[in-house]
file target.txt (compact mmCIF, C-alpha atoms)
# COMPACT_ATOMS: atom_id res chain seq x y z
CA MET L 1 -7.54 80.29 65.90
CA SER L 2 -10.38 81.03 63.50
CA THR L 3 -12.17 78.33 61.53
CA SER L 4 -10.60 79.61 58.32
CA ASP L 5 -7.18 78.69 59.74
CA MET L 6 -8.31 75.07 59.97
CA THR L 7 -10.02 74.90 56.57
CA PRO L 8 -7.87 73.37 53.87
CA THR L 9 -6.96 75.65 51.00
CA ALA L 10 -8.69 74.92 47.73
CA THR L 11 -7.06 75.71 44.42
CA PRO L 12 -6.74 73.52 41.30
CA SER L 13 -2.98 74.13 41.47
CA ASP L 14 -2.96 71.91 44.58
CA ALA L 15 -3.70 68.93 42.32
CA HIS L 16 -0.84 67.00 40.76
CA PRO L 17 0.15 68.93 37.58
CA ARG L 18 -0.86 66.01 35.32
CA PHE L 19 -4.26 65.79 37.00
CA ALA L 20 -4.73 69.59 36.90
CA GLU L 21 -4.08 69.38 33.15
CA ALA L 22 -6.64 66.55 32.80
CA LEU L 23 -9.21 68.74 34.60
CA ARG L 24 -8.47 71.62 32.20
CA GLU L 25 -8.76 69.35 29.15
CA LEU L 26 -12.15 68.12 30.38
CA GLY L 27 -13.28 71.67 31.16
CA LEU L 28 -13.91 70.55 34.74
CA ASP L 29 -13.89 73.15 37.47
CA VAL L 30 -13.68 71.19 40.72
CA GLU L 31 -12.59 72.18 44.18
CA VAL L 32 -9.31 70.45 44.95
CA ARG L 33 -8.67 70.32 48.67
CA ARG L 34 -5.17 69.95 50.10
CA PHE L 35 -4.71 68.56 53.60
CA PRO L 36 -1.57 68.85 55.72
CA ASP L 37 -1.88 65.21 56.76
CA ALA L 38 -1.92 62.47 54.16
CA THR L 39 -5.22 61.23 52.77
CA ARG L 40 -3.48 58.16 51.33
CA THR L 41 -6.04 55.66 52.64
CA ALA L 42 -9.82 55.83 52.38
CA VAL L 43 -10.06 56.10 56.19
CA GLU L 44 -7.56 59.01 56.30
CA ALA L 45 -9.40 60.78 53.48
CA ALA L 46 -12.87 60.36 55.02
CA THR L 47 -11.58 61.59 58.38
CA ALA L 48 -9.92 64.66 56.84
CA ILE L 49 -12.96 65.52 54.68
CA GLY L 50 -15.55 64.69 57.31
CA CYS L 51 -17.58 62.42 55.02
CA GLU L 52 -18.71 58.80 55.12
CA LEU L 53 -16.07 56.20 54.30
CA SER L 54 -18.26 54.92 51.44
CA GLN L 55 -18.08 58.40 49.78
CA ILE L 56 -14.37 57.91 49.08
CA VAL L 57 -13.45 56.58 45.62
CA LYS L 58 -10.56 54.14 45.70
CA SER L 59 -8.73 53.99 42.34
CA LEU L 60 -7.06 50.58 42.38
CA ILE L 61 -4.88 49.04 39.70
CA PHE L 62 -5.06 45.30 39.15
CA GLU L 63 -3.22 43.07 36.72
CA ALA L 64 -5.51 40.87 34.60
CA ASP L 65 -3.49 38.31 32.62
CA GLY L 66 -0.61 40.79 32.75
CA ALA L 67 -2.63 43.84 31.58
CA PRO L 68 -3.40 46.73 33.94
CA VAL L 69 -7.05 47.35 34.84
CA LEU L 70 -8.39 50.20 36.98
CA VAL L 71 -11.12 49.35 39.48
CA LEU L 72 -13.07 52.21 41.10
CA MET L 73 -14.47 51.12 44.46
CA ASP L 74 -16.11 52.91 47.37
CA GLY L 75 -13.93 53.38 50.43
CA SER L 76 -15.89 51.09 52.72
CA SER L 77 -15.81 48.07 50.41
CA ARG L 78 -13.19 45.63 49.19
CA VAL L 79 -12.73 44.42 45.62
CA ASP L 80 -13.62 40.78 45.02
CA VAL L 81 -10.78 39.70 42.72
CA GLU L 82 -12.73 36.64 41.58
CA ARG L 83 -15.64 38.86 40.45
CA VAL L 84 -13.17 41.11 38.58
CA ARG L 85 -11.66 38.02 36.92
CA SER L 86 -15.10 36.81 35.90
CA GLU L 87 -16.14 40.27 34.64
CA LEU L 88 -13.01 40.51 32.46
CA GLY L 89 -13.00 36.86 31.37
CA ALA L 90 -9.38 36.76 32.57
CA GLY L 91 -7.40 33.73 33.68
CA LYS L 92 -5.58 35.45 36.54
CA VAL L 93 -6.16 38.75 38.37
CA LYS L 94 -4.00 40.21 41.14
CA ARG L 95 -3.29 43.59 42.75
CA ALA L 96 -0.66 45.50 40.82
CA GLY L 97 2.64 46.39 42.44
CA ALA L 98 3.72 49.99 43.05
CA ASP L 99 5.89 50.10 39.91
CA LEU L 100 3.06 49.00 37.61
CA VAL L 101 0.67 51.46 39.28
CA ARG L 102 3.04 54.38 38.62
CA GLU L 103 3.90 53.13 35.11
CA THR L 104 0.20 52.80 34.21
CA THR L 105 -1.23 55.90 35.87
CA GLY L 106 1.69 58.26 36.38
CA TYR L 107 0.80 58.53 40.07
CA ALA L 108 1.94 56.83 43.27
CA ILE L 109 -0.32 54.52 45.29
CA GLY L 110 -2.34 56.68 47.70
CA GLY L 111 -2.75 59.52 45.23
CA VAL L 112 -4.15 57.81 42.11
CA PRO L 113 -7.12 59.76 40.71
CA PRO L 114 -9.94 58.00 38.81
CA PHE L 115 -8.91 59.62 35.49
CA GLY L 116 -6.09 61.70 34.01
CA HIS L 117 -3.69 58.76 33.74
CA ILE L 118 -0.73 58.53 31.36
CA THR L 119 -2.09 55.38 29.72
CA ARG L 120 -5.60 54.30 28.75
CA THR L 121 -6.70 51.20 30.64
CA ARG L 122 -9.87 49.25 30.99
CA VAL L 123 -11.92 50.68 33.89
CA LEU L 124 -14.44 48.84 36.03
CA ALA L 125 -16.54 51.00 38.36
CA ASP L 126 -18.43 49.32 41.16
CA ARG L 127 -22.14 50.15 41.19
CA GLY L 128 -21.94 51.01 44.91
CA LEU L 129 -20.36 54.37 43.99
CA LEU L 130 -23.79 55.48 42.78
CA ASP L 131 -25.18 55.29 46.34
CA HIS L 132 -24.08 58.90 46.94
CA ALA L 133 -24.80 62.26 45.34
CA VAL L 134 -21.14 63.27 45.78
CA VAL L 135 -17.99 61.19 46.13
CA TRP L 136 -14.40 62.21 46.86
CA ALA L 137 -11.32 60.99 44.98
CA ALA L 138 -7.58 61.59 45.04
CA ALA L 139 -6.36 64.50 42.92
CA GLY L 140 -3.01 62.94 42.06
CA THR L 141 -1.21 63.27 45.40
CA PRO L 142 -1.59 61.66 48.84
CA HIS L 143 -2.60 65.08 50.23
CA THR L 144 -5.27 66.19 47.74
CA VAL L 145 -8.88 65.21 47.03
CA PHE L 146 -11.79 66.54 44.97
CA PRO L 147 -15.58 66.06 45.07
CA LEU L 148 -17.70 65.07 42.07
CA ASP L 149 -20.97 63.38 41.16
CA PRO L 150 -20.15 59.63 40.94
CA LYS L 151 -21.82 59.31 37.51
CA ARG L 152 -19.42 61.94 36.17
CA VAL L 153 -16.42 60.26 37.84
CA ILE L 154 -17.32 57.00 36.07
CA GLU L 155 -18.00 58.80 32.77
CA TYR L 156 -14.67 60.71 32.80
CA ALA L 157 -12.82 57.53 33.76
CA GLY L 158 -14.45 55.68 30.86
CA GLY L 159 -15.70 53.11 33.33
CA THR L 160 -18.05 50.20 32.86
CA LEU L 161 -20.56 49.84 35.70
CA VAL L 162 -20.18 46.43 37.38
CA ASP L 163 -20.68 44.63 40.69
CA VAL L 164 -17.21 43.66 41.89
CA ARG L 165 -17.33 44.36 45.63
CA GLU L 166 -16.87 41.58 48.15
CA ARG L 167 -20.22 40.39 49.40
CA THR L 168 -20.65 40.68 53.14
CA ALA L 169 -21.71 37.54 54.97
call {"tool": "encode", "arguments": {"input": "target.txt", "output": "structure tokens"}}
result
Amino acid sequence: MSTSDMTPTATPSDAHPRFAEALRELGLDVEVRRFPDATRTAVEAATAIGCELSQIVKSLIFEADGAPVLVLMDGSSRVDVERVRSELGAGKVKRAGADLVRETTGYAIGGVPPFGHITRTRVLADRGLLDHAVVWAAAGTPHTVFPLDPKRVIEYAGGTLVDVRERTA
């Protein structure tokens, strides 16, 4: 078996159609990689890509006083819900359920990209994403990812740069 047989195919059509359309609208030409095995979790994605766990962008939907909020976090860190609550000035913040994630973004958990959603939400991007020259994010399905400069990911997502990762002891 040659190496090309093991290399994932790369065409924008591999992205979820809604996300492919978002890329076109932004004039973004990125390499979308499709993997036969799911890249639903940050660990699965980093393993498939062959990159550091912290180079994965997790696009996580939270509910802040009932309103959806997108938090972009690196794959090796966890979101500190209390810091998100404080940042938003919200009374209560919790992880959104699968229905709200799909209703807000148009994508299922495990495939949510950082932008190209069906609704506009507030976006918080953790500063830790800037630790890398290139990060990888879901392209709308649990089997597809794309690389991009983290500053551009945050810009296209309309994100506000914040510190919302859990502090390690």
call {"tool": "residues_around", "arguments": {"input": "target.txt", "residues": "Phe115 in chain L", "least_positions_apart": "5", "cutoff": "9 Å", "atoms": "only C-alpha atoms", "output": "list in words"}}
result
Phe19, Ala22, Ser59, Thr105, Val153, Ile154, Tyr156, Ala157 and Gly158 of chain L
call {"tool": "residues_around", "arguments": {"input": "target.txt", "residues": "range 40-45 of chain L", "least_positions_apart": "4", "cutoff": "7 Å", "atoms": "only C-alpha atoms", "output": "PyMOL selection string"}}
result
chain L and resi 49+53+56+58+75+110-111+142
call {"tool": "atom_distance", "arguments": {"input": "target.txt", "atom1": "CA of His132 in chain L", "atom2": "CA of Glu87 in chain L"}}
result
23.7 Å
call {"tool": "closest_residue", "arguments": {"input": "target.txt", "among": "L:Asp80, L:Asp126, L:Glu31, L:Asp74", "to": "Glu52 in chain L", "atoms": "all atoms listed in the file"}}
result
L:Asp74
call {"tool": "atom_distance", "arguments": {"input": "target.txt", "atom1": "CA of Gly50 in chain L", "atom2": "CA of Trp136 in chain L"}}
result
10.8 Å
call {"tool": "residues_around", "arguments": {"input": "target.txt", "residues": "Ser54 in chain L", "least_positions_apart": "3", "cutoff": "9 Å", "atoms": "only C-alpha atoms", "output": "ChimeraX atom specification"}}
result
/L:42,46,51,57,73-77,128-129,131-132,135
call {"tool": "residues_near_point", "arguments": {"input": "target.txt", "point": "(2.8, 66.5, 38.4)", "cutoff": "10 Å", "atoms": "all atoms listed in the file", "output": "list of chain:residue names"}}
result
L:Ala15, L:His16, L:Pro17, L:Arg18, L:Phe19, L:Ala20, L:Glu21, L:Gly106, L:Tyr107, L:Gly140, L:Thr141
call {"tool": "residues_around", "arguments": {"input": "target.txt", "residues": "Arg120 in chain L", "least_positions_apart": "2", "cutoff": "9 Å", "atoms": "only C-alpha atoms", "output": "PyMOL selection string"}}
result
chain L and resi 104-105+117-118+122-123
call {"tool": "closest_residue", "arguments": {"input": "target.txt", "among": "L:Val84, L:Val101, L:Val112, L:Ala67", "to": "Val145 in chain L", "atoms": "only C-alpha atoms"}}
result
L:Val112
call {"tool": "closest_residue", "arguments": {"input": "target.txt", "among": "L:Glu25, L:Leu161, L:Arg33, L:Gly116", "to": "Phe146 in chain L", "atoms": "all atoms listed in the file"}}
result
L:Arg33
call {"tool": "atom_distance", "arguments": {"input": "target.txt", "atom1": "CA of Lys94 in chain L", "atom2": "CA of Pro150 in chain L"}}
result
25.3 Å
call {"tool": "axis_aligned_box", "arguments": {"input": "target.txt", "around": "range 142-151 of chain L", "padding_each_side": "5 Å", "output": "AutoDock Vina command-line options"}}
result
--center_x -11.7 --center_y 62.9 --center_z 43.9 --size_x 30.2 --size_y 17.2 --size_z 22.7
call {"tool": "closest_residue", "arguments": {"input": "target.txt", "among": "L:Ile61, L:Leu26, L:Val162, L:Ala90", "to": "Ala125 in chain L", "atoms": "all atoms listed in the file"}}
result
L:Val162
call {"tool": "closest_residue", "arguments": {"input": "target.txt", "among": "L:Thr47, L:Thr119, L:Thr144, L:Ser86", "to": "Leu100 in chain L", "atoms": "only C-alpha atoms"}}
result
L:Thr119
call {"tool": "decode", "arguments": {"input": "target.txt", "residues": "range 75-106 of chain L", "atoms": "N, CA and C atoms", "output": "compact mmCIF listing (two decimals), in the first residue's frame"}}
result
# COMPACT_ATOMS: atom_id res chain seq x y z
N GLY L 75 -7.91 22.08 22.23
CA GLY L 75 -8.27 20.70 22.53
C GLY L 75 -7.71 20.12 23.80
N SER L 76 -6.67 20.72 24.35
CA SER L 76 -6.07 20.15 25.55
C SER L 76 -6.58 20.83 26.82
N SER L 77 -7.46 21.82 26.67
CA SER L 77 -7.95 22.55 27.84
C SER L 77 -9.45 22.37 28.01
N ARG L 78 -9.89 22.68 29.23
CA ARG L 78 -11.32 22.63 29.54
C ARG L 78 -11.81 24.06 29.80
N VAL L 79 -13.07 24.28 29.46
CA VAL L 79 -13.69 25.59 29.71
C VAL L 79 -14.04 25.71 31.19
N ASP L 80 -13.69 26.84 31.78
CA ASP L 80 -14.07 27.15 33.15
C ASP L 80 -15.40 27.91 33.07
N VAL L 81 -16.49 27.22 33.39
CA VAL L 81 -17.83 27.80 33.24
C VAL L 81 -17.99 29.06 34.08
N GLU L 82 -17.36 29.09 35.23
CA GLU L 82 -17.44 30.27 36.10
C GLU L 82 -16.77 31.48 35.43
N ARG L 83 -15.66 31.25 34.75
CA ARG L 83 -14.98 32.35 34.04
C ARG L 83 -15.83 32.83 32.86
N VAL L 84 -16.52 31.90 32.20
CA VAL L 84 -17.43 32.29 31.10
C VAL L 84 -18.57 33.13 31.68
N ARG L 85 -19.14 32.68 32.79
CA ARG L 85 -20.23 33.41 33.44
C ARG L 85 -19.80 34.82 33.79
N SER L 86 -18.62 34.94 34.37
CA SER L 86 -18.08 36.24 34.75
C SER L 86 -17.84 37.12 33.52
N GLU L 87 -17.27 36.54 32.48
CA GLU L 87 -16.98 37.27 31.24
C GLU L 87 -18.26 37.83 30.62
N LEU L 88 -19.34 37.04 30.67
CA LEU L 88 -20.61 37.45 30.06
C LEU L 88 -21.48 38.27 31.00
N GLY L 89 -21.14 38.29 32.30
CA GLY L 89 -21.99 38.96 33.27
C GLY L 89 -23.32 38.23 33.39
N ALA L 90 -23.30 36.91 33.21
CA ALA L 90 -24.52 36.10 33.24
C ALA L 90 -24.78 35.55 34.63
N GLY L 91 -26.03 35.24 34.91
CA GLY L 91 -26.39 34.64 36.19
C GLY L 91 -26.07 33.17 36.21
N LYS L 92 -26.37 32.46 35.10
CA LYS L 92 -26.17 31.01 35.06
C LYS L 92 -25.64 30.60 33.69
N VAL L 93 -24.61 29.76 33.70
CA VAL L 93 -24.03 29.23 32.45
C VAL L 93 -23.91 27.72 32.58
N LYS L 94 -24.35 27.00 31.53
CA LYS L 94 -24.21 25.55 31.51
C LYS L 94 -23.98 25.10 30.08
N ARG L 95 -23.44 23.87 29.94
CA ARG L 95 -23.25 23.28 28.61
C ARG L 95 -24.61 23.11 27.96
N ALA L 96 -24.70 23.40 26.68
CA ALA L 96 -25.95 23.24 25.95
C ALA L 96 -26.17 21.78 25.60
N GLY L 97 -27.42 21.38 25.53
CA GLY L 97 -27.77 20.03 25.12
C GLY L 97 -27.66 19.90 23.61
N ALA L 98 -27.71 18.67 23.13
CA ALA L 98 -27.55 18.37 21.70
C ALA L 98 -28.57 19.10 20.83
N ASP L 99 -29.81 19.20 21.30
CA ASP L 99 -30.85 19.88 20.51
C ASP L 99 -30.53 21.36 20.33
N LEU L 100 -30.12 22.03 21.41
CA LEU L 100 -29.79 23.45 21.31
C LEU L 100 -28.56 23.66 20.44
N VAL L 101 -27.59 22.75 20.52
CA VAL L 101 -26.39 22.87 19.68
C VAL L 101 -26.79 22.84 18.21
N ARG L 102 -27.61 21.86 17.83
CA ARG L 102 -28.03 21.74 16.43
C ARG L 102 -28.91 22.92 16.01
N GLU L 103 -29.81 23.33 16.88
CA GLU L 103 -30.71 24.45 16.60
C GLU L 103 -29.93 25.75 16.41
N THR L 104 -28.87 25.94 17.18
CA THR L 104 -28.07 27.16 17.14
C THR L 104 -27.09 27.17 15.97
N THR L 105 -26.44 26.03 15.75
CA THR L 105 -25.35 26.00 14.77
C THR L 105 -25.74 25.38 13.44
N GLY L 106 -26.68 24.43 13.49
CA GLY L 106 -27.02 23.67 12.29
C GLY L 106 -26.17 22.42 12.15
